[in-house]
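J.: Mind having a look at this structure? Questions to follow.
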Amino acid sequence: MSRFQLLSDAQWSLIEEMLPRPTGRRGRPFADARVMVEGIVYRYRTGIAWRDLPEVFGPWQTVWTWHHRMAAEGTWDRVLARITAAADAAGLVDWSLSVDSTIARAHQHATNTTRLTGAGSSYKNLQEEPPDHGIGRSRGGLSTKIHQLVDGNGLPLVTLITPGQAGDSPMFMPLMQHLRVGRDHGRPRTRPDAVRADKAYSSRAIRAHLRSRGIKAVIPEPDDQKGHRRRRGSRGGRPVALDAADYKHRNVIERNYCRIKQWRGLATRYDKHAVTYRAAVVLNSVIAWVQQLSDTP
């Protein structure tokens, strides 16, 4: 396989039917969808500038236009929904989920645009560009934070983007609201068996939400919360239960982020718009799932 051919025939066959096709109208020749997708993947995998794309992918403007349009239309979200539904039907989704976030440093080329800081973002419409473009100033400088829910094998199910200084705990509810894995019959599945998270997600609101839905919480309690509970005496409630053996499996999300950051265009953010950058992260998730499905007999 050429270093420019990034998808096998088996992997391409899983997503081919869900991508844009020729409309039959007169005009310029319709670009080859496989070449466009592999050009997008190549750009993010290597972290090069769009205009430095190898000529084998055709004009770089065409590849960029494809990525920009598919990001605005939510194409990769629909592809991921179909792929995860197929994986769940094949019994490949482990419903003991893990949640966490990772920081990506924003390059200077991503930050030379007007940003309205302090304005809240709506996570109901993921194709709507937030006023701050998902870039904020944290301890390490201008950065973006990727929040994900992954299954028990470390494969992403939900992806959200926030400024780098945003907290982890407030993003838990939006992540859970976007968890919808379709099934052949009935409503999409939205309730996992368990959720693994680190101490940043230990709050009464999160634990109450999981308890009300019958979801096992595998979240350790911070020392300060333990002290507050002890000082309240009998009013502090029972100690938080933690399945220590199950919690050891939370590292799958850390390994997932290591895999994501093998794409240099994701490890460092060069995109000005959060919608465009998030679409590339979702594309990375799609590639991870099709690799899993194509390897299944």
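Following the order of the structure tokens, chains are lettered A, B, ..., residues in each are numbered from 1, and ligands are numbered from 1.
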If you run DSSP over the backbone, which residues in range 8-238 of chain A end up helix (DSSP H, G or I)? Put them as a short mmCIF file (atom, residue, chain, number, x, y, z; two decimals) with N, CA, C and O atoms, in the first residue's frame.

T.:
data_model
loop_
_atom_site.label_atom_id
_atom_site.label_comp_id
_atom_site.auth_asym_id
_atom_site.auth_seq_id
_atom_site.Cartn_x
_atom_site.Cartn_y
_atom_site.Cartn_z
N ASP A 9 -9.25 -1.32 1.09
CA ASP A 9 -10.51 -1.45 0.36
C ASP A 9 -11.65 -1.85 1.30
O ASP A 9 -12.79 -1.38 1.15
N ALA A 10 -11.36 -2.72 2.28
CA ALA A 10 -12.40 -3.16 3.22
C ALA A 10 -12.86 -2.00 4.11
O ALA A 10 -14.05 -1.86 4.39
N GLN A 11 -11.91 -1.16 4.53
CA GLN A 11 -12.27 -0.02 5.36
C GLN A 11 -13.06 1.01 4.56
O GLN A 11 -14.05 1.56 5.06
N TRP A 12 -12.65 1.26 3.33
CA TRP A 12 -13.36 2.24 2.50
C TRP A 12 -14.78 1.79 2.21
O TRP A 12 -15.71 2.61 2.16
N SER A 13 -14.98 0.52 2.02
CA SER A 13 -16.32 0.02 1.67
C SER A 13 -17.33 0.28 2.79
O SER A 13 -18.53 0.32 2.54
N LEU A 14 -16.85 0.44 4.03
CA LEU A 14 -17.76 0.66 5.16
C LEU A 14 -18.34 2.07 5.19
O LEU A 14 -19.39 2.30 5.79
N ILE A 15 -17.65 3.04 4.57
CA ILE A 15 -18.10 4.43 4.65
C ILE A 15 -18.43 5.02 3.29
O ILE A 15 -18.98 6.13 3.22
N GLU A 16 -18.12 4.31 2.23
CA GLU A 16 -18.27 4.87 0.89
C GLU A 16 -19.69 5.34 0.61
O GLU A 16 -19.90 6.43 0.04
N GLU A 17 -20.69 4.56 1.00
CA GLU A 17 -22.08 4.87 0.66
C GLU A 17 -22.60 6.10 1.40
O GLU A 17 -23.64 6.66 1.02
N MET A 18 -21.92 6.54 2.45
CA MET A 18 -22.42 7.64 3.28
C MET A 18 -21.80 8.98 2.93
O MET A 18 -22.11 9.99 3.56
N ALA A 33 -14.19 10.75 -4.15
CA ALA A 33 -14.41 10.87 -2.72
C ALA A 33 -13.29 10.21 -1.91
O ALA A 33 -12.86 10.74 -0.88
N ARG A 34 -12.82 9.07 -2.37
CA ARG A 34 -11.77 8.37 -1.62
C ARG A 34 -10.49 9.18 -1.59
O ARG A 34 -9.83 9.27 -0.54
N VAL A 35 -10.14 9.79 -2.70
CA VAL A 35 -8.93 10.63 -2.75
C VAL A 35 -9.09 11.82 -1.81
O VAL A 35 -8.15 12.21 -1.10
N MET A 36 -10.29 12.42 -1.80
CA MET A 36 -10.52 13.57 -0.93
C MET A 36 -10.38 13.19 0.55
O MET A 36 -9.73 13.89 1.33
N VAL A 37 -11.00 12.08 0.94
CA VAL A 37 -10.94 11.66 2.34
C VAL A 37 -9.51 11.32 2.73
O VAL A 37 -9.04 11.71 3.81
N GLU A 38 -8.81 10.62 1.88
CA GLU A 38 -7.43 10.27 2.20
C GLU A 38 -6.54 11.50 2.22
O GLU A 38 -5.57 11.56 2.98
N GLY A 39 -6.86 12.52 1.41
CA GLY A 39 -6.12 13.77 1.48
C GLY A 39 -6.35 14.48 2.80
O GLY A 39 -5.42 15.04 3.40
N ILE A 40 -7.60 14.48 3.28
CA ILE A 40 -7.91 15.09 4.58
C ILE A 40 -7.17 14.35 5.70
O ILE A 40 -6.56 14.98 6.57
N VAL A 41 -7.23 13.02 5.67
CA VAL A 41 -6.55 12.23 6.70
C VAL A 41 -5.05 12.48 6.65
O VAL A 41 -4.40 12.65 7.69
N TYR A 42 -4.48 12.54 5.44
CA TYR A 42 -3.03 12.76 5.31
C TYR A 42 -2.63 14.10 5.89
O TYR A 42 -1.61 14.22 6.57
N ARG A 43 -3.44 15.11 5.63
CA ARG A 43 -3.10 16.44 6.14
C ARG A 43 -3.08 16.46 7.67
O ARG A 43 -2.16 17.01 8.27
N TYR A 44 -4.10 15.86 8.30
CA TYR A 44 -4.15 15.89 9.77
C TYR A 44 -3.14 14.92 10.37
O TYR A 44 -2.64 15.15 11.47
N ARG A 45 -2.85 13.84 9.68
CA ARG A 45 -1.88 12.90 10.21
C ARG A 45 -0.47 13.48 10.23
O ARG A 45 0.30 13.24 11.15
N THR A 46 -0.16 14.28 9.22
CA THR A 46 1.19 14.86 9.12
C THR A 46 1.29 16.25 9.72
O THR A 46 2.38 16.70 10.06
N TRP A 50 -2.36 23.14 4.40
CA TRP A 50 -3.22 22.63 3.33
C TRP A 50 -2.55 22.78 1.97
O TRP A 50 -2.59 21.88 1.14
N ARG A 51 -1.90 23.92 1.74
CA ARG A 51 -1.31 24.17 0.42
C ARG A 51 -0.06 23.33 0.17
O ARG A 51 0.49 23.33 -0.92
N ASP A 52 0.39 22.58 1.19
CA ASP A 52 1.54 21.70 1.02
C ASP A 52 1.14 20.25 0.77
O ASP A 52 2.00 19.36 0.76
N GLU A 55 0.70 16.45 -4.60
CA GLU A 55 -0.10 16.59 -5.81
C GLU A 55 -0.96 15.36 -6.09
O GLU A 55 -1.92 15.44 -6.85
N VAL A 56 -0.61 14.22 -5.47
CA VAL A 56 -1.38 13.00 -5.73
C VAL A 56 -2.84 13.15 -5.30
O VAL A 56 -3.72 12.46 -5.80
N PHE A 57 -3.12 14.09 -4.38
CA PHE A 57 -4.49 14.32 -3.92
C PHE A 57 -5.23 15.36 -4.75
O PHE A 57 -6.39 15.67 -4.46
N TRP A 60 -5.17 21.40 -3.62
CA TRP A 60 -5.40 21.43 -2.17
C TRP A 60 -6.68 22.18 -1.83
O TRP A 60 -7.34 21.87 -0.83
N GLN A 61 -7.05 23.16 -2.67
CA GLN A 61 -8.30 23.89 -2.42
C GLN A 61 -9.51 22.97 -2.46
O GLN A 61 -10.46 23.14 -1.68
N THR A 62 -9.46 21.97 -3.36
CA THR A 62 -10.59 21.04 -3.46
C THR A 62 -10.68 20.16 -2.22
O THR A 62 -11.78 19.93 -1.70
N VAL A 63 -9.55 19.69 -1.73
CA VAL A 63 -9.54 18.85 -0.52
C VAL A 63 -10.04 19.65 0.67
O VAL A 63 -10.86 19.18 1.46
N TRP A 64 -9.56 20.90 0.79
CA TRP A 64 -10.00 21.75 1.91
C TRP A 64 -11.50 22.02 1.82
O TRP A 64 -12.21 21.99 2.83
N THR A 65 -12.00 22.29 0.62
CA THR A 65 -13.43 22.56 0.45
C THR A 65 -14.27 21.36 0.86
O THR A 65 -15.31 21.51 1.52
N TRP A 66 -13.83 20.17 0.49
CA TRP A 66 -14.55 18.96 0.91
C TRP A 66 -14.60 18.87 2.44
O TRP A 66 -15.65 18.59 3.01
N HIS A 67 -13.46 19.07 3.08
CA HIS A 67 -13.43 18.97 4.54
C HIS A 67 -14.31 20.04 5.18
O HIS A 67 -15.06 19.76 6.12
N HIS A 68 -14.21 21.26 4.68
CA HIS A 68 -14.99 22.36 5.25
C HIS A 68 -16.49 22.10 5.11
O HIS A 68 -17.26 22.31 6.06
N ARG A 69 -16.93 21.65 3.95
CA ARG A 69 -18.35 21.40 3.72
C ARG A 69 -18.86 20.23 4.56
O ARG A 69 -19.95 20.29 5.14
N MET A 70 -18.08 19.15 4.62
CA MET A 70 -18.52 18.01 5.42
C MET A 70 -18.56 18.34 6.90
O MET A 70 -19.39 17.82 7.65
N ALA A 71 -17.65 19.22 7.35
CA ALA A 71 -17.68 19.65 8.75
C ALA A 71 -18.93 20.47 9.03
O ALA A 71 -19.61 20.27 10.05
N ALA A 72 -19.26 21.40 8.12
CA ALA A 72 -20.44 22.25 8.32
C ALA A 72 -21.74 21.46 8.24
O ALA A 72 -22.73 21.80 8.91
N GLU A 73 -21.76 20.41 7.43
CA GLU A 73 -22.97 19.60 7.27
C GLU A 73 -23.08 18.46 8.28
O GLU A 73 -24.10 17.76 8.29
N THR A 75 -21.31 15.70 8.32
CA THR A 75 -21.21 14.40 7.62
C THR A 75 -20.55 13.35 8.48
O THR A 75 -21.03 12.21 8.58
N TRP A 76 -19.45 13.70 9.12
CA TRP A 76 -18.71 12.69 9.89
C TRP A 76 -19.47 12.26 11.13
O TRP A 76 -19.31 11.12 11.59
N ASP A 77 -20.31 13.12 11.69
CA ASP A 77 -21.15 12.70 12.82
C ASP A 77 -22.15 11.64 12.37
O ASP A 77 -22.39 10.67 13.08
N ARG A 78 -22.73 11.83 11.18
CA ARG A 78 -23.68 10.84 10.67
C ARG A 78 -22.98 9.52 10.34
O ARG A 78 -23.52 8.43 10.59
N VAL A 79 -21.77 9.62 9.77
CA VAL A 79 -21.02 8.40 9.48
C VAL A 79 -20.68 7.66 10.76
O VAL A 79 -20.84 6.43 10.87
N LEU A 80 -20.23 8.41 11.79
CA LEU A 80 -19.90 7.77 13.07
C LEU A 80 -21.12 7.11 13.68
O LEU A 80 -21.03 6.01 14.26
N ALA A 81 -22.29 7.75 13.58
CA ALA A 81 -23.51 7.17 14.13
C ALA A 81 -23.84 5.85 13.44
O ALA A 81 -24.22 4.86 14.10
N ARG A 82 -23.70 5.80 12.11
CA ARG A 82 -23.97 4.56 11.38
C ARG A 82 -22.95 3.47 11.73
O ARG A 82 -23.30 2.29 11.89
N ILE A 83 -21.69 3.87 11.85
CA ILE A 83 -20.63 2.90 12.12
C ILE A 83 -20.79 2.31 13.53
O ILE A 83 -20.66 1.10 13.74
N THR A 84 -21.07 3.16 14.52
CA THR A 84 -21.22 2.67 15.89
C THR A 84 -22.47 1.80 16.02
O THR A 84 -22.49 0.84 16.80
N ALA A 85 -23.53 2.14 15.27
CA ALA A 85 -24.73 1.30 15.28
C ALA A 85 -24.41 -0.08 14.73
O ALA A 85 -24.86 -1.11 15.27
N ALA A 86 -23.63 -0.13 13.64
CA ALA A 86 -23.23 -1.42 13.08
C ALA A 86 -22.34 -2.19 14.03
O ALA A 86 -22.46 -3.41 14.17
N ALA A 87 -21.45 -1.47 14.71
CA ALA A 87 -20.57 -2.13 15.68
C ALA A 87 -21.36 -2.69 16.86
O ALA A 87 -21.08 -3.79 17.35
N ASP A 88 -22.36 -1.94 17.33
CA ASP A 88 -23.18 -2.42 18.44
C ASP A 88 -23.99 -3.64 18.03
O ASP A 88 -24.15 -4.59 18.81
N ALA A 89 -24.51 -3.64 16.80
CA ALA A 89 -25.26 -4.80 16.32
C ALA A 89 -24.37 -6.03 16.23
O ALA A 89 -24.84 -7.16 16.41
N GLN A 108 -0.35 29.55 16.41
CA GLN A 108 -0.66 30.96 16.16
C GLN A 108 -1.56 31.15 14.95
O GLN A 108 -2.34 32.11 14.88
N HIS A 109 -1.52 30.22 13.97
CA HIS A 109 -2.38 30.33 12.80
C HIS A 109 -3.84 30.06 13.15
O HIS A 109 -4.73 30.41 12.37
N ALA A 110 -4.10 29.42 14.29
CA ALA A 110 -5.47 29.14 14.70
C ALA A 110 -6.08 30.26 15.52
O ALA A 110 -7.29 30.26 15.76
N SER A 169 -15.77 18.53 34.68
CA SER A 169 -17.04 18.12 35.26
C SER A 169 -18.26 18.75 34.58
O SER A 169 -19.24 18.05 34.32
N PRO A 170 -18.25 20.06 34.24
CA PRO A 170 -19.44 20.64 33.60
C PRO A 170 -19.76 20.05 32.23
O PRO A 170 -20.89 20.19 31.75
N MET A 171 -18.79 19.38 31.59
CA MET A 171 -19.03 18.83 30.26
C MET A 171 -19.58 17.41 30.30
O MET A 171 -19.89 16.84 29.26
N PHE A 172 -19.71 16.85 31.49
CA PHE A 172 -20.18 15.46 31.58
C PHE A 172 -21.62 15.33 31.08
O PHE A 172 -21.94 14.42 30.31
N MET A 173 -22.50 16.23 31.53
CA MET A 173 -23.91 16.16 31.10
C MET A 173 -24.07 16.34 29.60
O MET A 173 -24.80 15.56 28.96
N PRO A 174 -23.43 17.34 28.97
CA PRO A 174 -23.54 17.44 27.50
C PRO A 174 -23.04 16.19 26.78
O PRO A 174 -23.63 15.77 25.77
N LEU A 175 -21.97 15.57 27.27
CA LEU A 175 -21.48 14.34 26.66
C LEU A 175 -22.52 13.23 26.74
O LEU A 175 -22.79 12.53 25.76
N MET A 176 -23.14 13.08 27.90
CA MET A 176 -24.15 12.04 28.08
C MET A 176 -25.39 12.32 27.22
O MET A 176 -26.04 11.39 26.72
N GLN A 177 -25.72 13.60 27.04
CA GLN A 177 -26.89 13.94 26.23
C GLN A 177 -26.69 13.59 24.77
O GLN A 177 -27.67 13.31 24.05
N LYS A 199 -11.10 11.76 39.45
CA LYS A 199 -11.66 12.53 40.56
C LYS A 199 -12.27 13.86 40.11
O LYS A 199 -13.09 14.44 40.84
N ALA A 200 -11.90 14.35 38.92
CA ALA A 200 -12.46 15.62 38.44
C ALA A 200 -13.96 15.53 38.23
O ALA A 200 -14.65 16.55 38.22
N TYR A 201 -14.48 14.32 38.06
CA TYR A 201 -15.91 14.13 37.79
C TYR A 201 -16.67 13.71 39.04
O TYR A 201 -17.84 13.34 38.94
N ARG A 204 -21.75 15.66 43.39
CA ARG A 204 -23.06 15.14 43.77
C ARG A 204 -24.00 15.09 42.58
O ARG A 204 -24.79 14.15 42.43
N ALA A 205 -23.93 16.10 41.72
CA ALA A 205 -24.84 16.15 40.58
C ALA A 205 -24.58 14.98 39.63
O ALA A 205 -25.53 14.33 39.16
N ILE A 206 -23.32 14.69 39.36
CA ILE A 206 -22.99 13.60 38.45
C ILE A 206 -23.37 12.26 39.06
O ILE A 206 -23.97 11.40 38.41
N ARG A 207 -23.04 12.07 40.33
CA ARG A 207 -23.38 10.80 40.98
C ARG A 207 -24.90 10.61 41.07
O ARG A 207 -25.40 9.50 40.87
N ALA A 208 -25.61 11.69 41.35
CA ALA A 208 -27.08 11.58 41.42
C ALA A 208 -27.66 11.26 40.05
O ALA A 208 -28.61 10.47 39.94
N HIS A 209 -27.11 11.86 39.01
CA HIS A 209 -27.59 11.59 37.66
C HIS A 209 -27.37 10.12 37.28
O HIS A 209 -28.28 9.47 36.75
N LEU A 210 -26.19 9.60 37.56
CA LEU A 210 -25.91 8.21 37.23
C LEU A 210 -26.77 7.26 38.07
O LEU A 210 -27.29 6.26 37.57
N ARG A 211 -26.95 7.59 39.34
CA ARG A 211 -27.76 6.73 40.22
C ARG A 211 -29.21 6.71 39.78
O ARG A 211 -29.86 5.65 39.80
N SER A 212 -29.73 7.86 39.34
CA SER A 212 -31.13 7.93 38.93
C SER A 212 -31.40 7.11 37.67
O SER A 212 -32.52 6.66 37.45
N ASP A 223 -9.89 13.71 48.29
CA ASP A 223 -9.67 13.80 49.74
C ASP A 223 -10.47 14.92 50.37
O ASP A 223 -10.96 14.78 51.50
N ASP A 224 -10.61 16.06 49.67
CA ASP A 224 -11.35 17.18 50.28
C ASP A 224 -12.83 16.82 50.46
O ASP A 224 -13.45 17.18 51.46
N GLN A 225 -13.41 16.08 49.50
CA GLN A 225 -14.80 15.67 49.64
C GLN A 225 -14.96 14.64 50.76
O GLN A 225 -15.98 14.65 51.47
N LYS A 226 -13.96 13.79 50.94
CA LYS A 226 -14.00 12.85 52.06
C LYS A 226 -14.00 13.60 53.39
O LYS A 226 -14.75 13.27 54.32
N GLY A 227 -13.15 14.65 53.49
CA GLY A 227 -13.10 15.43 54.72
C GLY A 227 -14.40 16.16 54.99
O GLY A 227 -14.87 16.21 56.15
N HIS A 228 -15.00 16.75 53.95
CA HIS A 228 -16.28 17.45 54.13
C HIS A 228 -17.36 16.48 54.62
O HIS A 228 -18.15 16.82 55.52
N ARG A 229 -17.36 15.28 54.09
CA ARG A 229 -18.37 14.30 54.48
C ARG A 229 -18.18 13.88 55.93
O ARG A 229 -19.15 13.75 56.69
N ARG A 230 -16.94 13.67 56.33
CA ARG A 230 -16.68 13.26 57.73
C ARG A 230 -17.08 14.37 58.70
O ARG A 230 -17.63 14.10 59.78
N ARG A 231 -16.80 15.62 58.35
CA ARG A 231 -17.12 16.72 59.26
C ARG A 231 -18.64 16.90 59.42
O ARG A 231 -19.09 17.41 60.44
N GLY A 233 -20.65 14.51 59.74
CA GLY A 233 -21.15 13.43 60.57
C GLY A 233 -22.17 12.57 59.85
O GLY A 233 -22.01 12.22 58.68
N SER A 234 -23.27 12.28 60.53
CA SER A 234 -24.31 11.43 59.94
C SER A 234 -25.01 12.11 58.77
O SER A 234 -25.56 11.46 57.89
N ARG A 235 -24.96 13.44 58.73
CA ARG A 235 -25.58 14.16 57.62
C ARG A 235 -24.74 14.08 56.35
O ARG A 235 -25.22 14.42 55.27
N GLY A 236 -23.50 13.68 56.48
CA GLY A 236 -22.62 13.61 55.32
C GLY A 236 -22.90 12.44 54.39
O GLY A 236 -22.42 12.42 53.26
#

J.: Could you write out, as a PyMOL selection string, all the residues of range 183-244 of chain A that DSSP marks as strand (DSSP E or B)?

T.: chain A and resi 189+194-196+216-218

J.: From the set A:Gln127, A:Thr114, A:Ser8, A:Ser101, which residue has the shortest atom-to-atom contact distance to Asp168 in chain A, counting only C-alpha atoms?

T.: A:Ser101

J.: Pick the closest to Val158 in chain A from A:Ala106, A:Ala31, A:Ala279, A:Val240: which is it, counting only C-alpha atoms?

T.: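 Looking only at the distances to Val158 in chain A, the closest residue turns out to be A:Ala279.
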
J.: For Thr117 in chain A, find every residue with an atom within 10 Å (counting only C-alpha atoms), except residues of its own chain fewer than 5 positions away, and show them as a ChimeraX atom specification.

T.: /A:130-137,163

J.: Counting only C-alpha atoms, figure out which residue out of A:Ile161, A:His147, A:Ser294, A:Pro156 gets nearest to Leu7 in chain A.

T.: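 Ranking A:Ile161, A:His147, A:Ser294, A:Pro156 by distance to Leu7 in chain A, first place goes to A:Ser294.
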
J.: Between A:Val275, A:Leu179, A:Val218, A:Asp151, which residue has the minimum interatomic distance to Asp246 in chain A, considering only C-alpha atoms?

T.: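 Nearest to Asp246 in chain A: A:Val218.
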